[in-house]
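The block underneath contains the structure these notes are about, expressed in structure tokens.
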Amino acid sequence: MLIDPKVKSIVIFNGGGGIVEREMKLTVQQGINEFQIQNVPTSFDPNSADIQLEHLTPEDKELITLQQTIISLPDYNNSQQLIDREKSAANSIISYAIDFTRELREKVFNICEASSYRTYFDMKGTFNFIINSTKDGEIIVKVLYFLSDVRIRWNTTLQVNINEDGKTAEIEGFIVVDNQTGFTYENVELGFAIFELPQPPSNIVDYQTNVPPVGPVGLRQEVLGELNSLKNIQKGPMKRTQRFKQLL
């Protein structure tokens, strides 16, 4: 069964990437229940993917269990050939766009422009999991994974407002989120963390050619540990999350 759990929160790293948490209540039947999650970007690290079951009643813990997860990424070479063909087709359409009406021409340009920026990381990965249940019931599924994509990140900026007396000023600090990926996150809890993706020589990612990264050993524990640290900070007086209607 295809499902699309809502993105509940995303913690963005200043060095690029972040941790996505998605959640959905599912109805399961007695026996084997197979699910496939939609809209998982190829930039997610399969080594960091995690599924957690939140049982509605204590007795369900023994009756409804996670049996297996199957995670895979599309072949890079085949995906790149598809992307190249899309870009070639977009350029051909633009060359003949002068024959369109103005309204239609603007729509064509918007579509073609999106195709020109498309990369391997804008493709979709496969995230399947199997739940074994000995009864008909409901279960809350939480999905966490790490995005290894430098096109989504945050940085800080300052604005100095000089008062009318010309002698005093007020300084405002802002966090600016830059999301150049092909995925939009609407109405999510947004957190910020300082984290640099480890890149030993054997795992350096060529972001110009978008070669898929190879997650270093222990990356899953490290990024999830960063998420737990951030949650612990949020319990104090300084809350570091905001709710945004839409993150483009």
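Ordering of the structure tokens sets the chain letters (A, B, ...); residue numbers start at 1 within each chain; ligands are numbered from 1 in the order shown.
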| said: When DSSP is applied to the backbone of this structure, which of stretch 19-179 of chain A are assigned strand (DSSP E)? Write them out as a PyMOL selection string. | reply: chain A and resi 19-28+31-37+50-55+64-72+126-133+137-147+152-162+169-179
| said: What's around stretch 18-21 of chain A at 6 Å? Count only C-alpha atoms, leave out sequence neighbours fewer than 2 positions away in its own chain, and write the answer as a PyMOL selection string. | reply: chain A and resi 7-13+143-147
| said: Need the shell around stretch 36-38 of chain A: protein/DNA/RNA residues with any atom at most 9 Å away, counting only C-alpha atoms. Skip same-chain ones fewer than 2 positions apart. Format as a PyMOL selection string? | reply: chain A and resi 1-5+34+40+124-130
| message | If I take atom CA of A:Thr184 and atom CA of A:Asp122, how far is one from the other in Å, to one decimal? | response |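 These two atoms are separated by 11.3 Å.
For the residues A:Ile83, A:Tyr76, A:Gly17, A:Arg22, ranking by smallest atom-to-atom distance to A:Asn39 using only C-alpha atoms places A:Arg22 first.
Between atom CA of A:Pro46 and atom CA of A:Ser72 the interatomic distance comes to 7.2 Å.
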| Counting only C-alpha atoms, which of A:Asn77, A:Asn187, A:Asn47, A:Thr168 gets nearest to A:Thr119? |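 Nearest candidate to A:Thr119 out of A:Asn77, A:Asn187, A:Asn47, A:Thr168: A:Asn77.
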| request: Tell me, as a list in words, which residues lie within 8 Å of stretch 53-69 of chain A, counting only C-alpha atoms; anything in the same chain fewer than 4 positions away does not count. | output: Phe127, Asn128, Phe129, Ile130, Ile131, Asn132, Ser133, Thr134, Lys135, Glu138, Ile139, Ile140, Val141 and Lys142 of chain A
Got time to write the residues from that selection, C-alpha atoms, as a short mmCIF file (atom, residue, chain, number, x, y, z; two decimals), in the first residue's frame?
data_model
loop_
_atom_site.label_atom_id
_atom_site.label_comp_id
_atom_site.auth_asym_id
_atom_site.auth_seq_id
_atom_site.Cartn_x
_atom_site.Cartn_y
_atom_site.Cartn_z
CA PHE A 127 11.24 3.10 1.40
CA ASN A 128 9.21 -0.04 2.13
CA PHE A 129 8.38 -1.65 5.45
CA ILE A 130 6.35 -4.62 6.67
CA ILE A 131 4.24 -4.76 9.83
CA ASN A 132 3.15 -8.10 11.25
CA SER A 133 -0.09 -7.98 13.23
CA THR A 134 -2.03 -10.70 15.02
CA LYS A 135 -5.20 -8.60 15.05
CA GLU A 138 -4.35 0.87 14.32
CA ILE A 139 -0.78 1.95 14.83
CA ILE A 140 1.08 5.26 14.65
CA VAL A 141 4.18 5.05 12.46
CA LYS A 142 7.03 7.55 12.82
#
| task | Could you jot down the atom CA of A:Gln30 to atom CA of A:Lys6 separation for me, Å, one decimal place? | result |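 We find that atom CA of A:Gln30 and atom CA of A:Lys6 lie 24.9 Å from each other.
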